[in-house]
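Asks: There's a structure below that I have some questions on.
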Amino acid sequence: MNIRPKTHVLALILIIVLSLITVSCTKEAVPAPEETGKPLKGLAKLSMMVPLHQEKAPPASLMSELQARTGVELDIQWIPDDIYSNKFLNALETNTPRQVVFVKPVDFTAVKSAIRSNMFWSIGPYLDHYPNLKTLNKAVLEQTAVDGKIYGLYNERPESRQGLIIRKDWLDRLGMKAPTNLEELYQVMKAFTDKDPDGNGKADTLGLTDRNDLYYGAFKTLSSYFGTPNSWSIKGDTFVPEFDTPEYMDTMNYMKKLYNENIINKDFPVTSKSVQRYMMLTGKAGIYIGSLADAPRMQEEMKQVNSDAEVIVLNRIQGPKGYGVWSIPGYNGLFLFSKKAIPTEDALKQTLAFFNRSMDKDVSNLMLYGIENKHYILKNGLVSSPSPLVEKMNNEVKPLLSLMVSNINNPNLLKLSPEGMDPLVRRVDELVADNSSFLIRDPSVGLSSDTYDARSMELNAIISNATYNYILGKIDAAGFRNEVAIWKQRGGAQVIQELSDAYRLTKAAK
């Protein structure tokens, strides 16, 4: 008997199957292909909380253009970077976040408990449905994972942009060369303090300006020049905290010497980043240790005060162990998605569609470079920003970096023209690339300690206070070692054990 179905029956079955597949794909695919490159239709408004690294937020004209291209009204809460952590943690504790909040790496440990308590969406399963988001670096996403799940989109950064910004005109006036090692750096800082580098006949300058941040301020970069481990070292299979090493003590003694000899601003433990920058901009101090990327804008602002002001950037300061600089994972922070403010899966998909749209060519280049012929010129497909425009780009466009996903390796981003690039910007890029050749990495990245996650704020405060108190002369070496012992008693020893156990398990699994 012929049991083959008739042709029209086969056709009917095929139509039904194709219909089911189409329905399934329509349900899963977000956003729809036609939304790429066009204003979004499903998301009317998006609220975000992000840090502001510049003096002012982007101008209304630039924000209007961003909103026009994406089709989304943006309600951005711009928080100055030096108070951002406090504002963010307060929003976390009171469970009053915006739809999207930015979390800095230094605050990520504190946010893990909120993530585990279901405060934020797990977004990993959705990313492959978006043409741009699916191109994000999987290794970087894995560095951000909590219990194996992806919760955030990353704001990208090189592993280390750390170095020195130095007043070149001061060096020239004093007949000094750029420092190449820690002793020469001390001599330059001392001369900037004692030898009237600005030539005004007054003793009103300091060698170094610093702020209340042992991480992104001067301390951690100096400590890496001394060869201090980056947060942890491993001896055998056991983790050793950086502050329990001779190199950390050497760094504190170096900073203590600067403090005792009035080479650094006396109030640095309570100085904000904006005041630290102000001291450089107004000629009160001659050296800034931190992100090299701050240099171009800093020089532009200096010249508004003193047209003769000029800076150079350095990244190679030789220490007892040669060259070294601390690094972080390849992200500068994460965008997290609040379940309270984004109550449904559909709303989450629409929010992710905005970030996918932000990586398109027209939007991503607007956020990185601004508006053509206003902030930059396009020549032969490359971005050029001549000096009349570079200041506008630095002042108006740079704050938008805080809203960008994959702001370095997005393939849709235009490339800079070496010909039209500001020489200082080019030099910064060269030194940042050079840093990658002598990075000191944190071996705890990717490992987890429940005790540290639960007690990090208390434990960090013990060491932070002890470090400042030692530098200020309020405790001696024995007193500092006593604080380290207290750190271990209050959970630090358990953290060491948990990280060491996690390391052994990971090592055994390879």
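Just remember, in the structure tokens the first chain shown is A, the second B, etc., residues are 1-based per chain, and ligands are 1-based in the order shown.
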Considering only alpha helix (DSSP H) as DSSP defines it on the backbone, what residues of stretch 122-209 of chain A qualify? List them as a ChimeraX atom specification.

Replies: /A:138-143,168-174,182-194

Asks: Would you mind listing what lies within 12 Å of A:Ala478 as a ChimeraX atom specification, with only C-alpha atoms counted and same-chain residues fewer than 6 positions away left out?

Replies: /A:249,466,470,484-485

Asks: Could you dump the residues just selected with N, CA and C atoms as an mmCIF file, in the first residue's frame?

Replies:
```
data_model
loop_
_atom_site.group_PDB
_atom_site.id
_atom_site.type_symbol
_atom_site.label_atom_id
_atom_site.label_comp_id
_atom_site.auth_asym_id
_atom_site.auth_seq_id
_atom_site.Cartn_x
_atom_site.Cartn_y
_atom_site.Cartn_z
ATOM 1 N N MET A 249 55.104 48.192 52.616
ATOM 2 C CA MET A 249 55.707 49.027 53.661
ATOM 3 C C MET A 249 56.678 50.039 53.044
ATOM 4 N N ALA A 466 44.527 52.220 58.386
ATOM 5 C CA ALA A 466 45.865 51.932 58.900
ATOM 6 C C ALA A 466 46.942 52.521 57.979
ATOM 7 N N TYR A 470 49.516 55.410 59.157
ATOM 8 C CA TYR A 470 50.961 55.209 59.140
ATOM 9 C C TYR A 470 51.648 56.355 58.395
ATOM 10 N N VAL A 484 46.962 44.851 60.731
ATOM 11 C CA VAL A 484 46.896 43.696 59.836
ATOM 12 C C VAL A 484 46.426 42.464 60.602
ATOM 13 N N ALA A 485 46.902 42.318 61.841
ATOM 14 C CA ALA A 485 46.461 41.197 62.677
ATOM 15 C C ALA A 485 44.962 41.301 62.970
#
```

Asks: Could you make a table, as CSV, of the residues of stretch 348-461 of chain A that have an atom within 12 Å of an atom of stretch 116-119 of chain A, each with its nearest atom pair and distance in Å to one decimal, counting only C-alpha atoms, in chain and number order?

Replies:
```
residue,atom,partner,partner_atom,distance
A:Asp450,CA,A:Arg116,CA,11.6
A:Asp453,CA,A:Arg116,CA,11.0
A:Ala454,CA,A:Arg116,CA,11.6
```

Asks: Take the residues that were just selected and, keeping N, CA, C and O atoms, output them as a PDB file, in the first residue's frame.

Replies:
```pdb
ATOM      1  N   ASP A 450      33.345  34.102  49.898  1.00  0.00           N
ATOM      2  CA  ASP A 450      32.076  34.516  50.515  1.00  0.00           C
ATOM      3  C   ASP A 450      32.314  35.480  51.669  1.00  0.00           C
ATOM      4  O   ASP A 450      31.544  36.432  51.860  1.00  0.00           O
ATOM      5  N   ASP A 453      33.127  38.885  50.248  1.00  0.00           N
ATOM      6  CA  ASP A 453      31.918  39.483  49.685  1.00  0.00           C
ATOM      7  C   ASP A 453      31.043  40.069  50.786  1.00  0.00           C
ATOM      8  O   ASP A 453      30.431  41.127  50.616  1.00  0.00           O
ATOM      9  N   ALA A 454      30.983  39.383  51.927  1.00  0.00           N
ATOM     10  CA  ALA A 454      30.108  39.827  53.020  1.00  0.00           C
ATOM     11  C   ALA A 454      30.741  40.932  53.860  1.00  0.00           C
ATOM     12  O   ALA A 454      30.034  41.790  54.399  1.00  0.00           O
TER      13      ALA A 454
END
```

Asks: Mind listing the strand (DSSP E or B) residues of stretch 50-205 of chain A, per DSSP on the backbone, as number ranges by chain?

Replies: A: 50-52, 73-80, 100-103, 120, 146, 149, 153-156, 162-167, 181

Asks: Compile the contact shell of A:Leu459 as a PyMOL selection string: residues with an atom at most 12 Å away, counting only C-alpha atoms, same-chain residues fewer than 4 positions apart removed.

Replies: chain A and resi 109-110+241+451-455+463-466+483-495

Asks: Just the selected residues (N, CA, C and O atoms), exported as a compact mmCIF listing (two decimals), in the first residue's frame, please.

Replies:
```txt
# COMPACT_ATOMS: atom_id res chain seq x y z
N THR A 109 32.34 44.11 44.63
CA THR A 109 32.21 43.12 45.70
C THR A 109 30.99 43.43 46.56
O THR A 109 30.23 42.53 46.94
N ALA A 110 30.80 44.71 46.86
CA ALA A 110 29.67 45.10 47.71
C ALA A 110 28.33 44.82 47.04
O ALA A 110 27.32 44.62 47.73
N PRO A 241 48.04 38.86 51.21
CA PRO A 241 47.54 40.20 50.87
C PRO A 241 48.68 41.17 50.61
O PRO A 241 49.75 41.08 51.23
N THR A 451 33.37 35.23 52.43
CA THR A 451 33.66 36.11 53.57
C THR A 451 34.00 37.51 53.10
O THR A 451 33.52 38.50 53.67
N TYR A 452 34.81 37.59 52.06
CA TYR A 452 35.17 38.92 51.55
C TYR A 452 33.95 39.62 50.96
O TYR A 452 33.76 40.82 51.16
N ASP A 453 33.13 38.88 50.25
CA ASP A 453 31.92 39.48 49.68
C ASP A 453 31.04 40.07 50.79
O ASP A 453 30.43 41.13 50.62
N ALA A 454 30.98 39.38 51.93
CA ALA A 454 30.11 39.83 53.02
C ALA A 454 30.74 40.93 53.86
O ALA A 454 30.03 41.79 54.40
N ARG A 455 32.07 40.94 53.97
CA ARG A 455 32.73 41.86 54.92
C ARG A 455 33.73 42.80 54.25
O ARG A 455 34.56 43.42 54.94
N ILE A 463 42.34 48.40 56.64
CA ILE A 463 43.64 48.59 56.00
C ILE A 463 43.78 50.01 55.47
O ILE A 463 44.86 50.62 55.56
N SER A 464 42.71 50.56 54.92
CA SER A 464 42.77 51.93 54.41
C SER A 464 43.11 52.90 55.53
O SER A 464 44.01 53.75 55.39
N ASN A 465 42.42 52.79 56.65
CA ASN A 465 42.69 53.68 57.79
C ASN A 465 44.10 53.48 58.32
O ASN A 465 44.80 54.45 58.67
N ALA A 466 44.53 52.22 58.39
CA ALA A 466 45.86 51.93 58.90
C ALA A 466 46.94 52.52 57.98
O ALA A 466 47.94 53.07 58.44
N GLU A 483 47.27 46.30 63.08
CA GLU A 483 46.04 46.46 62.30
C GLU A 483 45.87 45.32 61.30
O GLU A 483 44.74 44.86 61.05
N VAL A 484 46.96 44.85 60.73
CA VAL A 484 46.90 43.70 59.84
C VAL A 484 46.43 42.46 60.60
O VAL A 484 45.61 41.67 60.10
N ALA A 485 46.90 42.32 61.84
CA ALA A 485 46.46 41.20 62.68
C ALA A 485 44.96 41.30 62.97
O ALA A 485 44.24 40.29 62.95
N ILE A 486 44.49 42.51 63.23
CA ILE A 486 43.05 42.72 63.47
C ILE A 486 42.26 42.37 62.20
O ILE A 486 41.20 41.73 62.27
N TRP A 487 42.79 42.77 61.04
CA TRP A 487 42.15 42.42 59.76
C TRP A 487 41.98 40.91 59.63
O TRP A 487 40.92 40.43 59.22
N LYS A 488 43.03 40.17 60.00
CA LYS A 488 42.96 38.71 59.91
C LYS A 488 41.95 38.14 60.90
O LYS A 488 41.18 37.23 60.57
N GLN A 489 41.92 38.71 62.11
CA GLN A 489 41.00 38.22 63.14
C GLN A 489 39.54 38.44 62.76
O GLN A 489 38.66 37.63 63.08
N ARG A 490 39.26 39.54 62.06
CA ARG A 490 37.88 39.91 61.74
C ARG A 490 37.38 39.32 60.43
O ARG A 490 36.34 39.71 59.92
N GLY A 491 38.12 38.38 59.91
CA GLY A 491 37.66 37.70 58.69
C GLY A 491 38.72 37.59 57.61
O GLY A 491 38.55 36.81 56.66
N GLY A 492 39.79 38.35 57.72
CA GLY A 492 40.83 38.31 56.70
C GLY A 492 41.47 36.95 56.55
O GLY A 492 41.75 36.50 55.42
N ALA A 493 41.70 36.26 57.68
CA ALA A 493 42.31 34.92 57.61
C ALA A 493 41.40 33.97 56.85
O ALA A 493 41.87 33.11 56.08
N GLN A 494 40.09 34.11 57.05
CA GLN A 494 39.13 33.27 56.33
C GLN A 494 39.12 33.59 54.84
O GLN A 494 39.00 32.70 54.00
N VAL A 495 39.27 34.88 54.51
CA VAL A 495 39.35 35.28 53.11
C VAL A 495 40.57 34.63 52.45
O VAL A 495 40.48 34.08 51.34
```

Asks: Name the closest residue to A:Lys149 among the candidates A:Ile123, A:Leu414, A:Asn373, A:Met280; distances are taken between atoms, counting only C-alpha atoms.

Replies: A:Ile123

Asks: Which residues, written as a ChimeraX atom specification, have at least one atom at most 8 Å from stretch 422-439 of chain A, with only C-alpha atoms counted and residues fewer than 2 positions away on the same chain left out?

Replies: /A:158-162,292-293,295-296,312-315,323-327,385-387,390,418,420,441

Asks: With N, CA, C and O atoms retained, export the selected residues as a compact mmCIF listing (two decimals), in the first residue's frame.

Replies:
```txt
# COMPACT_ATOMS: atom_id res chain seq x y z
N PRO A 158 41.60 49.75 28.84
CA PRO A 158 42.85 48.99 28.84
C PRO A 158 43.13 48.47 30.25
O PRO A 158 42.60 49.00 31.24
N GLU A 159 43.99 47.48 30.34
CA GLU A 159 44.27 46.90 31.65
C GLU A 159 45.02 47.86 32.57
O GLU A 159 44.93 47.75 33.78
N SER A 160 45.75 48.80 31.99
CA SER A 160 46.38 49.82 32.84
C SER A 160 46.64 51.09 32.05
O SER A 160 47.32 51.06 31.02
N ARG A 161 46.09 52.20 32.54
CA ARG A 161 46.38 53.52 31.96
C ARG A 161 47.19 54.36 32.95
O ARG A 161 47.30 55.57 32.80
N GLN A 162 47.77 53.70 33.96
CA GLN A 162 48.42 54.44 35.04
C GLN A 162 49.78 54.99 34.65
O GLN A 162 50.53 54.38 33.89
N LEU A 292 46.71 58.28 32.77
CA LEU A 292 47.38 59.09 31.75
C LEU A 292 46.37 59.75 30.82
O LEU A 292 46.64 60.80 30.23
N ALA A 293 45.20 59.14 30.70
CA ALA A 293 44.18 59.67 29.80
C ALA A 293 43.67 61.04 30.25
O ALA A 293 43.04 61.76 29.47
N ALA A 295 45.57 63.51 30.85
CA ALA A 295 46.57 64.53 30.50
C ALA A 295 46.12 65.52 29.42
O ALA A 295 46.30 66.73 29.60
N PRO A 296 45.56 65.08 28.29
CA PRO A 296 45.23 66.06 27.25
C PRO A 296 44.26 67.13 27.71
O PRO A 296 44.49 68.33 27.47
N ILE A 312 54.21 66.63 30.28
CA ILE A 312 54.64 65.40 29.64
C ILE A 312 54.06 64.24 30.42
O ILE A 312 53.67 64.38 31.59
N VAL A 313 53.98 63.09 29.77
CA VAL A 313 53.45 61.89 30.43
C VAL A 313 54.55 60.83 30.47
O VAL A 313 55.32 60.68 29.52
N LEU A 314 54.59 60.10 31.57
CA LEU A 314 55.59 59.04 31.76
C LEU A 314 54.89 57.79 32.29
O LEU A 314 53.92 57.89 33.04
N ASN A 315 55.41 56.63 31.91
CA ASN A 315 54.87 55.40 32.47
C ASN A 315 55.94 54.46 33.01
O ASN A 315 55.63 53.54 33.77
N TYR A 323 60.55 47.28 36.16
CA TYR A 323 59.32 47.97 35.82
C TYR A 323 58.10 47.12 36.18
O TYR A 323 58.12 45.90 36.03
N GLY A 324 57.06 47.79 36.62
CA GLY A 324 55.80 47.11 36.91
C GLY A 324 54.70 48.14 37.09
O GLY A 324 54.96 49.26 37.54
N VAL A 325 53.49 47.77 36.71
CA VAL A 325 52.35 48.66 36.93
C VAL A 325 51.12 47.79 37.17
O VAL A 325 50.92 46.77 36.52
N TRP A 326 50.33 48.18 38.15
CA TRP A 326 49.15 47.39 38.50
C TRP A 326 48.11 47.47 37.39
O TRP A 326 48.04 48.42 36.63
N SER A 327 47.31 46.44 37.30
CA SER A 327 46.30 46.37 36.26
C SER A 327 44.97 45.94 36.84
O SER A 327 44.90 45.41 37.95
N SER A 385 40.94 65.55 14.86
CA SER A 385 40.41 66.59 15.75
C SER A 385 41.48 67.66 15.94
O SER A 385 42.25 67.62 16.90
N PRO A 386 41.57 68.62 15.01
CA PRO A 386 42.57 69.68 15.14
C PRO A 386 42.33 70.52 16.38
O PRO A 386 41.23 70.52 16.96
N SER A 387 43.35 71.24 16.79
CA SER A 387 43.31 71.94 18.07
C SER A 387 42.10 72.84 18.29
O SER A 387 41.63 72.91 19.41
N VAL A 390 39.57 70.06 19.43
CA VAL A 390 39.87 69.06 20.45
C VAL A 390 39.38 69.48 21.83
O VAL A 390 38.93 68.67 22.63
N PRO A 418 46.37 59.31 12.64
CA PRO A 418 47.61 59.71 13.33
C PRO A 418 48.04 61.13 12.94
O PRO A 418 48.59 61.86 13.75
N GLY A 420 46.15 63.76 12.23
CA GLY A 420 45.39 64.83 12.88
C GLY A 420 45.28 64.69 14.38
O GLY A 420 44.64 65.50 15.04
N ARG A 441 49.32 41.68 37.49
CA ARG A 441 47.91 41.30 37.51
C ARG A 441 47.49 40.81 38.89
O ARG A 441 48.30 40.32 39.68
```

Asks: Nearest to A:Gly71 among A:Arg316, A:Lys392, A:His53, A:Lys41, with distances taken over only C-alpha atoms: which residue is it?

Replies: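 Looking only at the distances to A:Gly71, the closest residue turns out to be A:Lys41.
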
Asks: For A:Pro320, find every residue with an atom within 12 Å (counting only C-alpha atoms), except residues of its own chain fewer than 2 positions away, and show them as number ranges by chain.

Replies: A: 181-183, 222-228, 246-247, 250-251, 317-318, 322-324

Asks: Would you save the residues of that selection, restricted to all heavy atoms, as a tab-separated table (two decimals), in the first residue's frame?

Replies:
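Printed below is result.tsv as written:
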```
chain	number	residue	atom	x	y	z
A	181	ASN	N	63.43	56.81	37.63
A	181	ASN	CA	63.33	55.84	38.73
A	181	ASN	C	62.75	56.55	39.95
A	181	ASN	O	62.51	57.77	39.94
A	181	ASN	CB	64.68	55.20	39.03
A	181	ASN	CG	65.76	56.23	39.35
A	181	ASN	OD1	65.56	57.12	40.18
A	181	ASN	ND2	66.91	56.13	38.68
A	182	LEU	N	62.54	55.80	41.01
A	182	LEU	CA	61.87	56.34	42.20
A	182	LEU	C	62.68	57.43	42.88
A	182	LEU	O	62.11	58.41	43.38
A	182	LEU	CB	61.57	55.19	43.18
A	182	LEU	CG	60.39	54.31	42.78
A	182	LEU	CD1	60.41	52.99	43.55
A	182	LEU	CD2	59.07	55.04	43.02
A	183	GLU	N	64.00	57.30	42.92
A	183	GLU	CA	64.83	58.33	43.55
A	183	GLU	C	64.79	59.62	42.74
A	183	GLU	O	64.66	60.72	43.31
A	183	GLU	CB	66.27	57.83	43.70
A	183	GLU	CG	67.25	58.88	44.22
A	183	GLU	CD	66.87	59.45	45.58
A	183	GLU	OE1	66.19	58.76	46.38
A	183	GLU	OE2	67.26	60.61	45.86
A	222	LEU	N	52.37	54.07	42.76
A	222	LEU	CA	53.70	54.08	43.37
A	222	LEU	C	54.05	52.71	43.94
A	222	LEU	O	55.20	52.25	43.83
A	222	LEU	CB	53.76	55.13	44.48
A	222	LEU	CG	53.84	56.60	44.04
A	222	LEU	CD1	53.69	57.53	45.24
A	222	LEU	CD2	55.15	56.87	43.30
A	223	SER	N	53.07	52.04	44.54
A	223	SER	CA	53.34	50.74	45.13
A	223	SER	C	53.74	49.72	44.07
A	223	SER	O	54.58	48.85	44.31
A	223	SER	CB	52.14	50.23	45.93
A	223	SER	OG	51.09	49.78	45.10
A	224	SER	N	53.15	49.84	42.88
A	224	SER	CA	53.53	48.90	41.82
A	224	SER	C	54.94	49.19	41.33
A	224	SER	O	55.66	48.27	40.92
A	224	SER	CB	52.53	48.94	40.67
A	224	SER	OG	52.46	50.20	40.06
A	225	TYR	N	55.38	50.46	41.39
A	225	TYR	CA	56.78	50.77	41.06
A	225	TYR	C	57.73	50.12	42.06
A	225	TYR	O	58.86	49.76	41.71
A	225	TYR	CB	57.00	52.28	41.02
A	225	TYR	CG	56.21	53.00	39.94
A	225	TYR	CD1	55.92	54.36	40.05
A	225	TYR	CD2	55.74	52.32	38.81
A	225	TYR	CE1	55.21	55.02	39.06
A	225	TYR	CE2	55.02	52.98	37.83
A	225	TYR	CZ	54.75	54.33	37.96
A	225	TYR	OH	54.03	54.98	37.00
A	226	PHE	N	57.29	49.99	43.29
A	226	PHE	CA	58.10	49.30	44.30
A	226	PHE	C	58.03	47.78	44.17
A	226	PHE	O	58.74	47.07	44.89
A	226	PHE	CB	57.65	49.71	45.71
A	226	PHE	CG	58.29	50.98	46.21
A	226	PHE	CD1	57.60	52.19	46.13
A	226	PHE	CD2	59.56	50.98	46.73
A	226	PHE	CE1	58.18	53.37	46.58
A	226	PHE	CE2	60.15	52.15	47.19
A	226	PHE	CZ	59.45	53.36	47.11
A	227	GLY	N	57.17	47.29	43.27
A	227	GLY	CA	57.05	45.84	43.10
A	227	GLY	C	56.03	45.20	44.00
A	227	GLY	O	56.04	43.96	44.17
A	228	THR	N	55.13	45.98	44.58
A	228	THR	CA	54.08	45.43	45.43
A	228	THR	C	53.14	44.58	44.60
A	228	THR	O	52.78	44.96	43.48
A	228	THR	CB	53.28	46.57	46.09
A	228	THR	OG1	54.18	47.46	46.74
A	228	THR	CG2	52.28	46.04	47.11
A	246	PRO	N	56.76	43.39	52.25
A	246	PRO	CA	57.74	44.46	52.47
A	246	PRO	C	57.57	45.62	51.47
A	246	PRO	O	57.81	46.78	51.81
A	246	PRO	CB	59.09	43.76	52.27
A	246	PRO	CG	58.82	42.31	52.47
A	246	PRO	CD	57.41	42.09	52.02
A	247	GLU	N	57.16	45.31	50.24
A	247	GLU	CA	57.03	46.34	49.23
A	247	GLU	C	55.93	47.35	49.58
A	247	GLU	O	56.05	48.55	49.28
A	247	GLU	CB	56.73	45.70	47.87
A	247	GLU	CG	57.85	44.83	47.32
A	247	GLU	CD	57.82	43.40	47.84
A	247	GLU	OE1	56.91	43.07	48.64
A	247	GLU	OE2	58.69	42.60	47.45
A	250	ASP	N	57.43	49.63	52.04
A	250	ASP	CA	58.34	50.56	51.36
A	250	ASP	C	57.56	51.72	50.73
A	250	ASP	O	58.00	52.87	50.76
A	250	ASP	CB	59.12	49.83	50.26
A	250	ASP	CG	60.14	48.84	50.82
A	250	ASP	OD1	60.51	48.97	52.00
A	250	ASP	OD2	60.55	47.93	50.07
A	251	THR	N	56.40	51.41	50.16
A	251	THR	CA	55.58	52.44	49.54
A	251	THR	C	55.06	53.42	50.59
A	251	THR	O	55.07	54.64	50.39
A	251	THR	CB	54.39	51.82	48.79
A	251	THR	OG1	54.85	50.79	47.91
A	251	THR	CG2	53.63	52.88	47.99
A	317	ILE	N	58.74	54.06	35.43
A	317	ILE	CA	59.52	54.47	36.60
A	317	ILE	C	60.11	53.19	37.21
A	317	ILE	O	59.39	52.32	37.69
A	317	ILE	CB	58.65	55.20	37.64
A	317	ILE	CG1	58.08	56.48	37.04
A	317	ILE	CG2	59.46	55.50	38.90
A	317	ILE	CD1	59.11	57.54	36.68
A	318	GLN	N	61.42	53.09	37.15
A	318	GLN	CA	62.09	51.87	37.59
A	318	GLN	C	62.15	51.79	39.10
A	318	GLN	O	62.47	52.77	39.78
A	318	GLN	CB	63.50	51.79	37.01
A	318	GLN	CG	64.17	50.44	37.19
A	318	GLN	CD	65.45	50.34	36.39
A	318	GLN	OE1	66.12	51.34	36.15
A	318	GLN	NE2	65.81	49.13	35.97
A	322	GLY	N	62.64	46.46	38.92
A	322	GLY	CA	62.51	46.80	37.51
A	322	GLY	C	61.22	47.56	37.27
A	322	GLY	O	60.82	48.40	38.08
A	323	TYR	N	60.55	47.28	36.16
A	323	TYR	CA	59.32	47.97	35.82
A	323	TYR	C	58.10	47.12	36.18
A	323	TYR	O	58.12	45.90	36.03
A	323	TYR	CB	59.26	48.30	34.32
A	323	TYR	CG	60.34	49.25	33.87
A	323	TYR	CD1	61.34	48.84	32.99
A	323	TYR	CD2	60.37	50.57	34.33
A	323	TYR	CE1	62.34	49.70	32.58
A	323	TYR	CE2	61.37	51.45	33.92
A	323	TYR	CZ	62.35	51.01	33.05
A	323	TYR	OH	63.33	51.87	32.65
A	324	GLY	N	57.06	47.79	36.62
A	324	GLY	CA	55.80	47.11	36.91
A	324	GLY	C	54.70	48.14	37.09
A	324	GLY	O	54.96	49.26	37.54
```

Asks: Can you list, as a list in words, every protein, DNA or RNA residue that comes within 12 Å of A:Glu391 when you count only C-alpha atoms, leaving out same-chain residues fewer than 4 positions away?

Replies: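 Neighbouring residues, sequence-local ones excluded: Pro296, Arg297, Met298, Gln299, Glu300, Glu301, Met302, Lys303, Gln304, Tyr369, Gly370, Lys374, His375, Tyr376, Ser385, Pro386, Ser387, Asn395, Glu396, Val397, Lys398 and Asp422 of chain A.
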
Asks: Measure the distance from atom CA of A:Leu46 to atom CA of A:Asp75 in Å and round it to one decimal.

Replies: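 These atoms are spaced 6.0 Å apart.
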
Asks: Taking only C-alpha atoms into account, produce a table as CSV in which each residue of stretch 334-379 of chain A with an atom at most 12 Å from an atom of stretch 137-146 of chain A appears once, together with its shortest atom pair and the distance in Å to one decimal, ordered by chain and rising number.

Replies:
```
residue,atom,partner,partner_atom,distance
A:Leu334,CA,A:Thr144,CA,8.1
A:Phe335,CA,A:Thr144,CA,10.9
A:Leu336,CA,A:Thr144,CA,11.1
```

Asks: Output C-alpha atoms for every residue in the selection just made, as a PDB file, in the first residue's frame.

Replies:
```pdb
ATOM      1  CA  LEU A 334      29.350  47.435  34.607  1.00  0.00           C
ATOM      2  CA  PHE A 335      25.836  48.490  33.689  1.00  0.00           C
ATOM      3  CA  LEU A 336      23.396  46.546  35.882  1.00  0.00           C
TER       4      LEU A 336
END
```

Asks: List the neighbours of stretch 401-409 of chain A out to 10 Å using only C-alpha atoms; skip same-chain residues closer than 4 positions along the sequence, and give me the result as a PyMOL selection string.

Replies: chain A and resi 48-53+76+78+102+132-133+135-137+153-158+331-335+355-356+358-359+363-365+367-369+397+413
